[in-house]
file data_30.cif (mmCIF, C-alpha atoms)
data_input
#
loop_
_atom_site.label_atom_id
_atom_site.label_comp_id
_atom_site.auth_asym_id
_atom_site.auth_seq_id
_atom_site.Cartn_x
_atom_site.Cartn_y
_atom_site.Cartn_z
CA MET A 1 -27.16 -18.46 -15.33
CA THR A 2 -25.10 -17.16 -12.41
CA VAL A 3 -22.39 -19.35 -10.97
CA GLN A 4 -19.87 -18.62 -8.27
CA ALA A 5 -16.94 -20.08 -6.40
CA THR A 6 -14.77 -19.18 -3.44
CA LEU A 7 -11.10 -19.92 -3.07
CA LYS A 8 -8.63 -19.42 -0.25
CA ALA A 9 -5.18 -20.39 -1.49
CA PRO A 10 -2.53 -20.96 1.22
CA GLY A 11 -0.85 -17.70 2.18
CA GLU A 12 -3.38 -15.69 0.21
CA LYS A 13 -6.60 -13.86 0.97
CA LEU A 14 -10.11 -14.99 0.15
CA ILE A 15 -11.36 -14.68 -3.45
CA ARG A 16 -14.94 -14.95 -4.65
CA ILE A 17 -15.79 -15.01 -8.32
CA ARG A 18 -19.26 -14.73 -9.80
CA LEU A 19 -19.83 -15.38 -13.46
CA GLU A 20 -22.86 -14.61 -15.55
CA LEU A 21 -23.06 -17.31 -18.22
CA GLU A 22 -24.91 -17.42 -21.50
CA ALA A 23 -24.50 -20.38 -23.84
CA HIS A 24 -21.33 -21.50 -22.01
CA GLU A 25 -19.76 -18.07 -22.45
CA VAL A 26 -18.90 -15.75 -19.60
CA ARG A 27 -20.83 -12.49 -20.19
CA GLU A 28 -20.00 -10.82 -16.91
CA ALA A 29 -17.44 -11.50 -14.18
CA ALA A 30 -17.04 -10.07 -10.70
CA ILE A 31 -14.03 -10.68 -8.46
CA SER A 32 -14.42 -9.85 -4.77
CA GLY A 33 -12.59 -10.53 -1.52
CA ASP A 34 -10.19 -9.11 1.07
CA PHE A 35 -7.09 -9.00 -1.18
CA PHE A 36 -5.28 -5.98 -2.62
CA ILE A 37 -4.89 -5.00 -6.27
CA HIS A 38 -2.99 -1.84 -7.14
CA PRO A 39 -4.25 0.36 -8.65
CA GLU A 40 -7.63 -0.67 -7.25
CA GLU A 41 -9.75 0.25 -10.29
CA SER A 42 -7.80 -2.19 -12.46
CA VAL A 43 -9.76 -5.09 -10.95
CA SER A 44 -12.14 -4.36 -13.85
CA ILE A 45 -9.53 -5.29 -16.48
CA LEU A 46 -8.93 -8.59 -14.67
CA GLU A 47 -12.68 -9.18 -14.73
CA GLU A 48 -12.71 -8.45 -18.46
CA ALA A 49 -9.97 -11.04 -18.96
CA LEU A 50 -12.42 -13.66 -17.64
CA LEU A 51 -15.02 -12.99 -20.35
CA GLY A 52 -15.72 -15.42 -23.16
CA ARG A 53 -14.85 -19.09 -22.95
CA PRO A 54 -12.33 -19.75 -20.19
CA GLY A 55 -10.45 -22.46 -22.12
CA THR A 56 -7.85 -24.47 -20.23
CA GLN A 57 -6.36 -23.42 -16.90
CA GLU A 58 -3.11 -22.75 -18.76
CA LYS A 59 -4.70 -20.44 -21.34
CA LEU A 60 -6.74 -18.55 -18.78
CA LEU A 61 -3.70 -18.13 -16.56
CA LYS A 62 -1.67 -16.76 -19.47
CA ARG A 63 -4.44 -14.27 -20.27
CA LEU A 64 -4.50 -13.08 -16.66
CA GLN A 65 -0.71 -12.90 -16.39
CA ASP A 66 -0.56 -10.82 -19.58
CA THR A 67 -3.22 -8.50 -18.18
CA VAL A 68 -1.23 -8.05 -14.96
CA GLU A 69 1.96 -7.38 -16.85
CA LEU A 70 0.54 -5.06 -19.52
CA GLY A 71 -1.50 -3.13 -16.98
CA GLY A 72 1.44 -2.80 -14.57
CA LEU A 73 -0.75 -4.21 -11.78
CA GLU A 74 0.56 -5.21 -8.37
CA LEU A 75 -1.33 -8.09 -6.76
CA VAL A 76 -1.00 -8.60 -3.01
CA GLY A 77 -2.68 -11.50 -1.21
CA ILE A 78 -4.04 -12.74 -4.55
CA SER A 79 -2.40 -14.13 -7.69
CA ALA A 80 -3.18 -14.74 -11.34
CA GLU A 81 -3.06 -18.47 -10.48
CA SER A 82 -5.72 -18.27 -7.79
CA ILE A 83 -7.97 -16.04 -9.94
CA ALA A 84 -7.71 -18.59 -12.78
CA SER A 85 -8.44 -21.53 -10.47
CA CYS A 86 -11.35 -19.80 -8.79
CA ALA A 87 -12.87 -18.73 -12.14
CA LEU A 88 -12.63 -22.29 -13.50
CA LYS A 89 -14.12 -23.66 -10.31
CA ALA A 90 -17.05 -21.25 -10.74
CA TYR A 91 -17.37 -22.18 -14.42
CA GLU A 92 -17.45 -25.88 -13.56
CA ASN A 93 -20.23 -25.17 -11.08
CA ARG A 94 -22.61 -24.61 -14.04
CA LYS A 95 -22.93 -28.39 -14.17
CA GLY A 96 -23.63 -29.06 -10.55
CA PRO A 97 -24.98 -28.08 -7.19
CA GLY A 98 -22.72 -25.01 -6.86
CA LYS A 99 -25.09 -22.92 -8.97
CA ALA A 100 -25.74 -19.57 -7.25
CA MET B 101 15.27 15.87 10.87
CA GLU B 102 12.29 16.23 8.61
CA GLU B 103 9.20 17.76 10.16
CA TRP B 104 5.97 15.86 9.71
CA ARG B 105 2.52 16.81 10.84
CA LEU B 106 0.74 14.91 13.62
CA ILE B 107 -3.03 15.16 13.81
CA ILE B 108 -4.82 13.73 16.83
CA ASP B 109 -8.53 13.73 16.08
CA ARG B 110 -11.50 13.47 18.37
CA PRO B 111 -13.60 10.31 17.93
CA GLY B 112 -15.53 10.69 14.67
CA ARG B 113 -18.34 9.06 12.72
CA GLY B 114 -17.24 6.48 10.16
CA THR B 115 -18.16 8.38 7.01
CA TYR B 116 -16.27 11.46 8.25
CA ASN B 117 -13.22 9.44 9.34
CA MET B 118 -12.83 7.89 5.91
CA ALA B 119 -13.41 11.25 4.20
CA VAL B 120 -10.67 12.93 6.25
CA ASP B 121 -8.16 10.30 5.13
CA LEU B 122 -8.99 11.08 1.51
CA SER B 123 -8.90 14.84 2.00
CA ILE B 124 -5.42 14.66 3.58
CA LEU B 125 -4.28 12.46 0.69
CA ASN B 126 -5.53 15.12 -1.74
CA SER B 127 -3.97 17.89 0.31
CA LEU B 128 -0.57 16.18 0.23
CA ALA B 129 -0.97 15.56 -3.51
CA ARG B 130 -1.34 19.34 -3.93
CA GLN B 131 1.71 19.80 -1.69
CA ALA B 132 -0.51 21.80 0.63
CA CYS B 133 0.73 19.91 3.71
CA PRO B 134 3.77 17.95 4.90
CA PRO B 135 3.79 14.14 5.28
CA THR B 136 1.24 13.42 7.97
CA LEU B 137 0.38 10.91 10.68
CA ARG B 138 -3.24 11.05 11.79
CA LEU B 139 -4.47 9.23 14.91
CA TYR B 140 -8.20 8.83 15.41
CA SER B 141 -11.01 6.74 16.82
CA TRP B 142 -14.65 6.05 16.12
CA TYR B 143 -17.89 7.22 17.64
CA PRO B 144 -20.41 5.82 17.07
CA PRO B 145 -18.91 2.43 16.14
CA ALA B 146 -18.86 1.71 12.40
CA ILE B 147 -17.89 -1.05 10.00
CA THR B 148 -15.62 -0.54 7.03
CA ILE B 149 -15.31 -3.06 4.23
CA GLY B 150 -12.44 -3.42 1.79
CA TYR B 151 -12.57 -1.85 -1.66
CA PHE B 152 -13.01 -5.25 -3.33
CA GLN B 153 -15.57 -6.70 -0.96
CA ARG B 154 -19.30 -7.07 -1.57
CA LEU B 155 -21.24 -5.42 1.17
CA GLU B 156 -24.03 -7.99 1.25
CA GLU B 157 -21.52 -10.81 1.62
CA GLU B 158 -19.59 -9.21 4.46
CA VAL B 159 -22.22 -7.74 6.77
CA ARG B 160 -25.71 -8.41 8.04
CA ILE B 161 -27.02 -5.09 6.88
CA ASN B 162 -30.36 -5.23 8.71
CA LYS B 163 -28.63 -5.92 12.01
CA CYS B 164 -26.18 -3.08 11.32
CA ARG B 165 -29.06 -0.69 10.66
CA ALA B 166 -30.84 -1.80 13.82
CA ALA B 167 -27.66 -1.28 15.85
CA GLY B 168 -27.05 2.14 14.26
CA VAL B 169 -23.76 0.97 12.80
CA ASP B 170 -22.84 2.57 9.45
CA VAL B 171 -21.13 0.39 6.85
CA ILE B 172 -18.61 2.21 4.69
CA ARG B 173 -16.50 1.00 1.79
CA ARG B 174 -12.83 1.99 2.09
CA VAL B 175 -10.66 3.19 -0.78
CA THR B 176 -8.20 0.50 0.33
CA GLY B 177 -8.42 -3.26 -0.13
CA GLY B 178 -8.41 -5.77 2.72
CA GLY B 179 -11.16 -7.13 4.93
CA ALA B 180 -14.18 -5.94 6.87
CA VAL B 181 -13.45 -4.27 10.22
CA PHE B 182 -15.76 -3.45 13.09
CA HIS B 183 -14.37 -0.20 14.49
CA ASP B 184 -15.34 0.23 18.11
CA ARG B 185 -12.75 0.63 20.86
CA GLU B 186 -9.55 1.04 18.94
CA LEU B 187 -6.83 3.43 17.94
CA THR B 188 -6.71 4.01 14.20
CA TYR B 189 -3.80 5.55 12.37
CA SER B 190 -3.32 6.83 8.87
CA VAL B 191 0.03 7.81 7.43
CA PHE B 192 0.50 9.87 4.28
CA ILE B 193 3.81 9.94 2.39
CA PRO B 194 4.55 11.32 -1.09
CA LEU B 195 5.54 8.51 -3.48
CA SER B 196 8.67 10.53 -4.29
CA HIS B 197 9.80 10.19 -0.63
CA SER B 198 12.44 7.58 0.22
CA LEU B 199 10.12 6.10 2.89
CA ALA B 200 7.51 5.26 0.25
CA LEU B 201 9.19 1.99 -0.71
CA PRO B 202 8.43 0.92 -4.29
CA SER B 203 7.42 -2.59 -3.20
CA ILE B 204 4.04 -2.58 -1.50
CA ARG B 205 4.87 -5.71 0.47
CA GLU B 206 8.09 -4.21 1.85
CA SER B 207 6.28 -0.99 2.49
CA TYR B 208 3.81 -2.77 4.80
CA GLY B 209 6.74 -4.14 6.77
CA LEU B 210 8.31 -0.71 7.20
CA LEU B 211 5.11 1.10 8.12
CA CYS B 212 3.88 -1.63 10.47
CA SER B 213 7.15 -1.70 12.42
CA PRO B 214 6.20 1.33 14.57
CA ILE B 215 3.06 -0.56 15.63
CA VAL B 216 5.19 -3.50 16.68
CA GLU B 217 7.53 -1.19 18.64
CA CYS B 218 4.62 0.58 20.29
CA LEU B 219 3.25 -2.77 21.48
CA LYS B 220 6.67 -3.89 22.69
CA SER B 221 6.79 -0.77 24.85
CA TYR B 222 3.90 -2.35 26.82
CA GLY B 223 5.93 -5.54 27.20
CA LEU B 224 3.94 -7.37 24.53
CA ASN B 225 5.63 -9.86 22.28
CA ALA B 226 4.33 -8.52 18.97
CA HIS B 227 5.54 -9.20 15.48
CA PHE B 228 4.70 -8.23 11.92
CA SER B 229 2.97 -10.96 9.94
CA PRO B 230 2.95 -10.35 6.18
CA VAL B 231 1.01 -9.15 4.30
CA ASN B 232 -0.56 -6.58 6.59
CA ASP B 233 -1.05 -7.80 10.16
CA VAL B 234 0.57 -7.45 13.55
CA LEU B 235 0.13 -10.48 15.79
CA THR B 236 0.74 -11.26 19.39
CA GLY B 237 0.47 -14.76 20.80
CA GLY B 238 -0.78 -16.00 17.44
CA ALA B 239 -3.76 -13.64 17.34
CA LYS B 240 -4.29 -10.50 15.34
CA LEU B 241 -4.07 -7.22 17.22
CA SER B 242 -3.62 -4.86 14.31
CA GLY B 243 -4.40 -4.85 10.58
CA SER B 244 -3.48 -2.28 7.94
CA ALA B 245 -4.32 -1.44 4.35
CA GLN B 246 -2.48 0.65 1.82
CA THR B 247 -3.31 2.50 -1.37
CA ARG B 248 -1.26 4.65 -3.72
CA ARG B 249 -3.05 7.46 -5.44
CA ASN B 250 -2.22 10.66 -7.11
CA GLY B 251 1.43 10.46 -6.12
CA VAL B 252 0.69 9.71 -2.46
CA LEU B 253 0.94 6.59 -0.31
CA LEU B 254 -1.87 6.24 2.25
CA GLN B 255 -1.72 3.45 4.79
CA HIS B 256 -4.35 3.18 7.48
CA GLY B 257 -4.87 0.57 10.12
CA THR B 258 -6.21 -0.26 13.53
CA LEU B 259 -4.93 -1.25 16.91
CA LEU B 260 -7.64 -3.09 18.77
CA VAL B 261 -8.15 -1.72 22.29
CA GLY B 262 -11.31 -3.54 23.34
CA ALA B 263 -13.75 -5.68 21.48
CA ASP B 264 -17.40 -6.43 21.92
CA THR B 265 -16.87 -9.65 20.00
CA GLU B 266 -20.46 -10.73 20.50
CA LEU B 267 -21.76 -7.59 18.76
CA MET B 268 -18.98 -7.82 16.17
CA PHE B 269 -19.86 -11.37 15.14
CA SER B 270 -23.56 -10.56 15.08
CA LEU B 271 -22.90 -7.83 12.49
CA LEU B 272 -20.18 -9.43 10.35
CA ASN B 273 -20.47 -12.55 8.25
CA VAL B 274 -17.40 -14.61 8.97
CA SER B 275 -16.68 -16.78 5.96
CA LYS B 276 -16.60 -20.55 6.26
CA GLU B 277 -13.05 -20.52 4.88
CA LYS B 278 -11.85 -18.20 7.63
CA SER B 279 -13.57 -20.16 10.37
CA VAL B 280 -11.87 -23.30 9.10
CA ALA B 281 -8.51 -21.52 9.01
CA ALA B 282 -9.01 -20.34 12.60
CA ALA B 283 -9.99 -23.82 13.74
CA GLU B 284 -6.81 -25.16 12.17
CA GLY B 285 -4.74 -22.76 14.23
CA SER B 286 -4.09 -20.10 11.61
CA PRO B 287 -4.22 -16.53 12.98
CA GLU B 288 -6.76 -15.57 10.33
CA GLY B 289 -10.02 -14.98 12.08
CA ARG B 290 -8.40 -15.00 15.53
CA VAL B 291 -8.32 -11.57 17.07
CA THR B 292 -7.20 -10.22 20.41
CA SER B 293 -7.23 -6.76 21.98
CA LEU B 294 -5.14 -4.64 24.31
CA SER B 295 -7.73 -4.95 27.05
CA ALA B 296 -7.50 -8.74 26.83
CA LEU B 297 -3.70 -8.52 27.01
CA LEU B 298 -3.11 -5.64 29.40
CA GLY B 299 -6.18 -5.88 31.62
CA GLU B 300 -6.77 -3.02 34.05
CA LEU B 301 -4.24 -0.70 32.47
CA VAL B 302 -6.63 -0.17 29.57
CA LEU B 303 -9.47 0.93 31.86
CA ASP B 304 -7.50 4.00 32.83
CA GLY B 305 -9.09 7.12 31.29
CA GLU B 306 -5.70 8.24 30.03
CA PHE B 307 -4.93 5.00 28.23
CA GLN B 308 -5.99 6.13 24.77
CA THR B 309 -3.82 9.25 25.07
CA ASP B 310 -0.88 7.23 26.33
CA LEU B 311 -1.29 4.76 23.47
CA SER B 312 -1.49 7.60 20.92
CA MET B 313 1.70 9.18 22.26
CA ARG B 314 3.57 5.88 22.23
CA LEU B 315 2.45 5.15 18.69
CA ALA B 316 3.42 8.64 17.48
CA ASN B 317 6.83 8.28 19.16
CA ALA B 318 7.34 4.90 17.55
CA PHE B 319 6.52 6.36 14.13
CA ALA B 320 8.91 9.27 14.71
CA GLU B 321 11.68 6.89 15.72
CA GLY B 322 10.97 4.31 13.01
CA LEU B 323 10.67 6.83 10.19
CA GLY B 324 13.30 9.28 11.42
CA CYS B 325 11.08 12.35 11.55
CA VAL B 326 9.86 14.81 14.17
CA PHE B 327 6.18 15.50 14.58
CA VAL B 328 4.63 18.90 14.89
CA GLN B 329 1.11 18.55 16.21
CA ALA B 330 -1.49 20.48 14.22
CA GLU B 331 -5.14 20.45 13.28
CA LEU B 332 -6.65 19.72 9.90
CA SER B 333 -6.51 22.88 7.79
CA GLU B 334 -9.77 24.63 7.05
CA ALA B 335 -9.50 23.60 3.39
CA GLU B 336 -8.96 19.96 4.39
CA ARG B 337 -11.93 20.01 6.74
CA ARG B 338 -14.15 21.54 4.05
CA GLU B 339 -13.05 18.99 1.48
CA ALA B 340 -13.57 16.16 3.97
CA LEU B 341 -17.19 17.23 4.46
CA GLU B 342 -17.68 17.34 0.69
CA ILE B 343 -16.14 13.89 0.24
CA GLU B 344 -18.25 12.53 3.07
CA GLU B 345 -21.49 13.70 1.37
CA GLY B 346 -20.37 12.94 -2.19
CA LEU B 347 -18.84 9.52 -1.59
CA PHE B 348 -18.90 7.79 1.78
CA LYS B 349 -22.55 8.55 2.55
CA ARG B 350 -23.66 7.34 -0.89
CA GLU B 351 -25.17 3.90 -1.44
CA GLU B 352 -23.68 3.89 -4.97
CA TRP B 353 -20.21 3.82 -3.43
CA ASN B 354 -20.81 1.67 -0.37
CA ARG B 355 -22.93 -0.95 -2.18
CA ASP B 356 -21.35 -1.38 -5.56
CA ARG B 357 -18.74 1.37 -6.07
CA SER B 358 -20.63 2.59 -9.15
CA ILE B 359 -19.26 6.06 -8.46
CA ARG B 360 -15.59 6.79 -8.13
CA PRO B 361 -13.75 8.77 -5.52
CA ALA B 362 -12.42 12.10 -6.78
CA PHE B 363 -8.73 11.81 -6.04
CA GLY B 364 -7.01 15.15 -5.94
CA ALA B 365 -9.80 16.75 -7.95
CA ALA B 366 -8.87 20.24 -6.84
CA GLY B 367 -5.27 19.70 -7.86
CA ASP B 368 -5.79 18.11 -11.28
#

call {"tool": "encode", "arguments": {"input": "data_30.cif", "output": "structure tokens"}}
result
Amino acid sequence: MTVQATLKAPGEKLIRIRLELEAHEVREAAISGDFFIHPEESVSILEEALLGRPGTQEKLLKRLQDTVELGGLELVGISAESIASCALKAYENRKGPGKA
Amino acid sequence: MEEWRLIIDRPGRGTYNMAVDLSILNSLARQACPPTLRLYSWYPPAITIGYFQRLEEEVRINKCRAAGVDVIRRVTGGGAVFHDRELTYSVFIPLSHSLALPSIRESYGLLCSPIVECLKSYGLNAHFSPVNDVLTGGAKLSGSAQTRRNGVLLQHGTLLVGADTELMFSLLNVSKEKSVAAAEGSPEGRVTSLSALLGELVLDGEFQTDLSMRLANAFAEGLGCVFVQAELSEAERREALEIEEGLFKREEWNRDRSIRPAFGAAGD
């Protein structure tokens, strides 16, 4: 099942996240939008951090923050917080009308 | 004062314009050229989308094809841009240079300040609006995007001269979130142009040249360098044509970035 969500946090750019779910686990994740991540290719390691079961907002946020720190990423117009919120919003959409 | 290179290009097709920016980046990475400011424009009009955007979400591809408008993914993040009547700049600085500020946010402020000064020289009340915009009267007149690759900072951006907004909005999908933001008075989604602000002045055939000179002067003053005008080198032109064929004309890049740009391949 594919689910997606869009988020525009105040002062940030637009984020869209699509998740490919199988048995409540995230098998694939894609983050898109008009933000900046430096270096650009490292968006893929943030997407990898969304795989598996998302867990709580707190746990997911920690996973993303660790990824940013370990990878030496610079996020501009986007934050670990908004990625976590948007991913959870997409994940929650598996239950309802937000299914892609 | 340090000598930088100034390149003033003829209007170019979108795929070529984006390829030249990458070839100059590679050239500077090989230390084959000095820091460079390139000024250029677009013919025919083209759309670029940000590195992280999904083409099918941002543009109405069938309408773009029908209008003969190419859609090209940039190597920089940021949003989709319809490039028609505008002045585009790209600036290339080695990361070892003191003007390549370590903080990307601060760096936008520094490199956008010449745009603000250039606009002020026309009597416009322009100001930098973080992260990457220059606004006047609450509407966006200029947007920029930066990347750092292979030891080089590249920032490119546009200064809107005139806008066929009807064509623009028929080709671009404007997100619901942005429309809402615009309706609530946020500058996001609100754009203006020099022709809307300066009127007849812009119709003058020499306007684009005048604007280019003012922008180059503002960069020289803001960055404390002197420009020596030059052409692309033969090696840069050759590499640009290769990058255009091998990257910016390829669906695999523009659709889903399943191929990667070769940054500084010749130098690695």

call {"tool": "atom_distance", "arguments": {"input": "data_30.cif", "atom1": "CA of Thr258 in chain B", "atom2": "CA of Leu139 in chain B"}}
result
9.7 Å

call {"tool": "interface_residues", "arguments": {"input": "data_30.cif", "of": "chain A", "to": "chain B", "cutoff": "7 Å", "atoms": "all atoms listed in the file", "output": "ChimeraX atom specification"}}
result
/A:8,32-36

call {"tool": "atom_distance", "arguments": {"input": "data_30.cif", "atom1": "CA of Val252 in chain B", "atom2": "CA of Ala129 in chain B"}}
result
6.2 Å

call {"tool": "closest_residue", "arguments": {"input": "data_30.cif", "among": "B:Leu224, B:Leu253, B:Leu219, B:Leu294", "to": "Pro39 in chain A", "atoms": "only C-alpha atoms"}}
result
B:Leu253

call {"tool": "residues_near_point", "arguments": {"input": "data_30.cif", "point": "(-26.5, -23.8, -17.5)", "cutoff": "8 Å", "atoms": "all atoms listed in the file", "output": "number ranges by chain"}}
result
A: 1, 21-24, 94-95

call {"tool": "closest_residue", "arguments": {"input": "data_30.cif", "among": "A:Arg53, A:Lys89, A:Ser42, A:Gly11", "to": "Thr67 in chain A", "atoms": "only C-alpha atoms"}}
result
A:Ser42

call {"tool": "closest_residue", "arguments": {"input": "data_30.cif", "among": "A:Glu12, A:Glu28, A:Glu74, A:Glu81", "to": "Glu48 in chain A", "atoms": "all atoms listed in the file"}}
result
A:Glu28

call {"tool": "atom_distance", "arguments": {"input": "data_30.cif", "atom1": "CA of Asn354 in chain B", "atom2": "CA of Ile172 in chain B"}}
result
5.5 Å

call {"tool": "residues_near_point", "arguments": {"input": "data_30.cif", "point": "(-5.5, 6.2, 16.0)", "cutoff": "12 Å", "atoms": "only C-alpha atoms", "output": "PyMOL selection string"}}
result
chain B and resi 106-112+117+121+137-142+183-191+215+242+244+256-261+308-316

call {"tool": "closest_residue", "arguments": {"input": "data_30.cif", "among": "A:Leu64, A:Ala84, A:Val76, A:Ala5", "to": "Ile45 in chain A", "atoms": "all atoms listed in the file"}}
result
A:Leu64

call {"tool": "closest_residue", "arguments": {"input": "data_30.cif", "among": "A:Pro54, A:Gly71, A:Gly77, A:Pro10", "to": "Ala90 in chain A", "atoms": "all atoms listed in the file"}}
result
A:Pro54

call {"tool": "residues_around", "arguments": {"input": "data_30.cif", "residues": "range 326-335 of chain B", "least_positions_apart": "6", "cutoff": "7 Å", "atoms": "all atoms listed in the file", "output": "list in words"}}
result
Met101, Glu102, Glu103, Trp104, Arg105, Leu106, Ile107 and Ala320 of chain B

call {"tool": "resolve_selection", "arguments": {"input": "data_30.cif", "expression": "the PyMOL selection byres ((chain B and resi 163-170) around 8)", "output": "PyMOL selection string"}}
result
chain B and resi 114-115+144-147+159-162+171-172+270-271

call {"tool": "closest_residue", "arguments": {"input": "data_30.cif", "among": "A:Ser85, A:Gln4, A:Glu40, A:Gly52", "to": "Gly72 in chain A", "atoms": "all atoms listed in the file"}}
result
A:Glu40

call {"tool": "residues_around", "arguments": {"input": "data_30.cif", "residues": "Val3 in chain A", "least_positions_apart": "4", "cutoff": "12 Å", "atoms": "all atoms listed in the file", "output": "CSV table (one decimal) with C-alpha atoms, in the frame of the given file"}}
result
chain,number,residue,atom,x,y,z
A,16,ARG,CA,-14.9,-15.0,-4.6
A,17,ILE,CA,-15.8,-15.0,-8.3
A,18,ARG,CA,-19.3,-14.7,-9.8
A,19,LEU,CA,-19.8,-15.4,-13.5
A,20,GLU,CA,-22.9,-14.6,-15.6
A,21,LEU,CA,-23.1,-17.3,-18.2
A,22,GLU,CA,-24.9,-17.4,-21.5
A,24,HIS,CA,-21.3,-21.5,-22.0
A,25,GLU,CA,-19.8,-18.1,-22.4
A,26,VAL,CA,-18.9,-15.8,-19.6
A,27,ARG,CA,-20.8,-12.5,-20.2
A,28,GLU,CA,-20.0,-10.8,-16.9
A,29,ALA,CA,-17.4,-11.5,-14.2
A,30,ALA,CA,-17.0,-10.1,-10.7
A,86,CYS,CA,-11.4,-19.8,-8.8
A,87,ALA,CA,-12.9,-18.7,-12.1
A,88,LEU,CA,-12.6,-22.3,-13.5
A,89,LYS,CA,-14.1,-23.7,-10.3
A,90,ALA,CA,-17.0,-21.2,-10.7
A,91,TYR,CA,-17.4,-22.2,-14.4
A,92,GLU,CA,-17.4,-25.9,-13.6
A,93,ASN,CA,-20.2,-25.2,-11.1
A,94,ARG,CA,-22.6,-24.6,-14.0
A,95,LYS,CA,-22.9,-28.4,-14.2
A,96,GLY,CA,-23.6,-29.1,-10.6
A,97,PRO,CA,-25.0,-28.1,-7.2
A,98,GLY,CA,-22.7,-25.0,-6.9
A,99,LYS,CA,-25.1,-22.9,-9.0
A,100,ALA,CA,-25.7,-19.6,-7.2

call {"tool": "resolve_selection", "arguments": {"input": "data_30.cif", "expression": "the PyMOL selection byres ((chain B and resi 131) around 12)", "output": "JSON, numbers by chain"}}
result
{"B": [124, 125, 126, 127, 128, 129, 130, 132, 133, 134, 135, 136, 192, 193, 194, 196, 250, 251, 252, 364, 366, 367]}

call {"tool": "build_atoms", "arguments": {"input": "data_30.cif", "residues": "range 18-29 of chain A", "atoms": "N, CA and C atoms", "output": "PDB file, in the coordinates of the input"}}
result
ATOM      1  N   ARG A  18     -17.918 -14.454  -9.263  1.00  0.00           N
ATOM      2  CA  ARG A  18     -19.260 -14.730  -9.800  1.00  0.00           C
ATOM      3  C   ARG A  18     -19.206 -14.546 -11.288  1.00  0.00           C
ATOM      4  N   LEU A  19     -19.813 -15.474 -12.004  1.00  0.00           N
ATOM      5  CA  LEU A  19     -19.830 -15.380 -13.460  1.00  0.00           C
ATOM      6  C   LEU A  19     -21.273 -15.430 -13.939  1.00  0.00           C
ATOM      7  N   GLU A  20     -21.553 -14.591 -14.906  1.00  0.00           N
ATOM      8  CA  GLU A  20     -22.860 -14.610 -15.550  1.00  0.00           C
ATOM      9  C   GLU A  20     -22.660 -15.334 -16.882  1.00  0.00           C
ATOM     10  N   LEU A  21     -23.293 -16.491 -17.032  1.00  0.00           N
ATOM     11  CA  LEU A  21     -23.060 -17.310 -18.220  1.00  0.00           C
ATOM     12  C   LEU A  21     -24.243 -17.258 -19.187  1.00  0.00           C
ATOM     13  N   GLU A  22     -23.894 -17.320 -20.464  1.00  0.00           N
ATOM     14  CA  GLU A  22     -24.910 -17.420 -21.500  1.00  0.00           C
ATOM     15  C   GLU A  22     -24.322 -18.335 -22.562  1.00  0.00           C
ATOM     16  N   ALA A  23     -24.978 -19.416 -22.848  1.00  0.00           N
ATOM     17  CA  ALA A  23     -24.500 -20.380 -23.840  1.00  0.00           C
ATOM     18  C   ALA A  23     -23.030 -20.734 -23.627  1.00  0.00           C
ATOM     19  N   HIS A  24     -22.692 -21.090 -22.392  1.00  0.00           N
ATOM     20  CA  HIS A  24     -21.330 -21.500 -22.010  1.00  0.00           C
ATOM     21  C   HIS A  24     -20.278 -20.402 -22.134  1.00  0.00           C
ATOM     22  N   GLU A  25     -20.719 -19.173 -22.402  1.00  0.00           N
ATOM     23  CA  GLU A  25     -19.760 -18.070 -22.450  1.00  0.00           C
ATOM     24  C   GLU A  25     -19.947 -17.178 -21.224  1.00  0.00           C
ATOM     25  N   VAL A  26     -18.823 -16.662 -20.732  1.00  0.00           N
ATOM     26  CA  VAL A  26     -18.900 -15.750 -19.600  1.00  0.00           C
ATOM     27  C   VAL A  26     -19.227 -14.357 -20.138  1.00  0.00           C
ATOM     28  N   ARG A  27     -20.402 -13.828 -19.736  1.00  0.00           N
ATOM     29  CA  ARG A  27     -20.830 -12.490 -20.190  1.00  0.00           C
ATOM     30  C   ARG A  27     -20.413 -11.412 -19.210  1.00  0.00           C
ATOM     31  N   GLU A  28     -20.414 -11.770 -17.937  1.00  0.00           N
ATOM     32  CA  GLU A  28     -20.000 -10.820 -16.910  1.00  0.00           C
ATOM     33  C   GLU A  28     -19.213 -11.573 -15.852  1.00  0.00           C
ATOM     34  N   ALA A  29     -18.224 -10.878 -15.253  1.00  0.00           N
ATOM     35  CA  ALA A  29     -17.440 -11.500 -14.180  1.00  0.00           C
ATOM     36  C   ALA A  29     -17.229 -10.486 -13.070  1.00  0.00           C
TER      37      ALA A  29
END
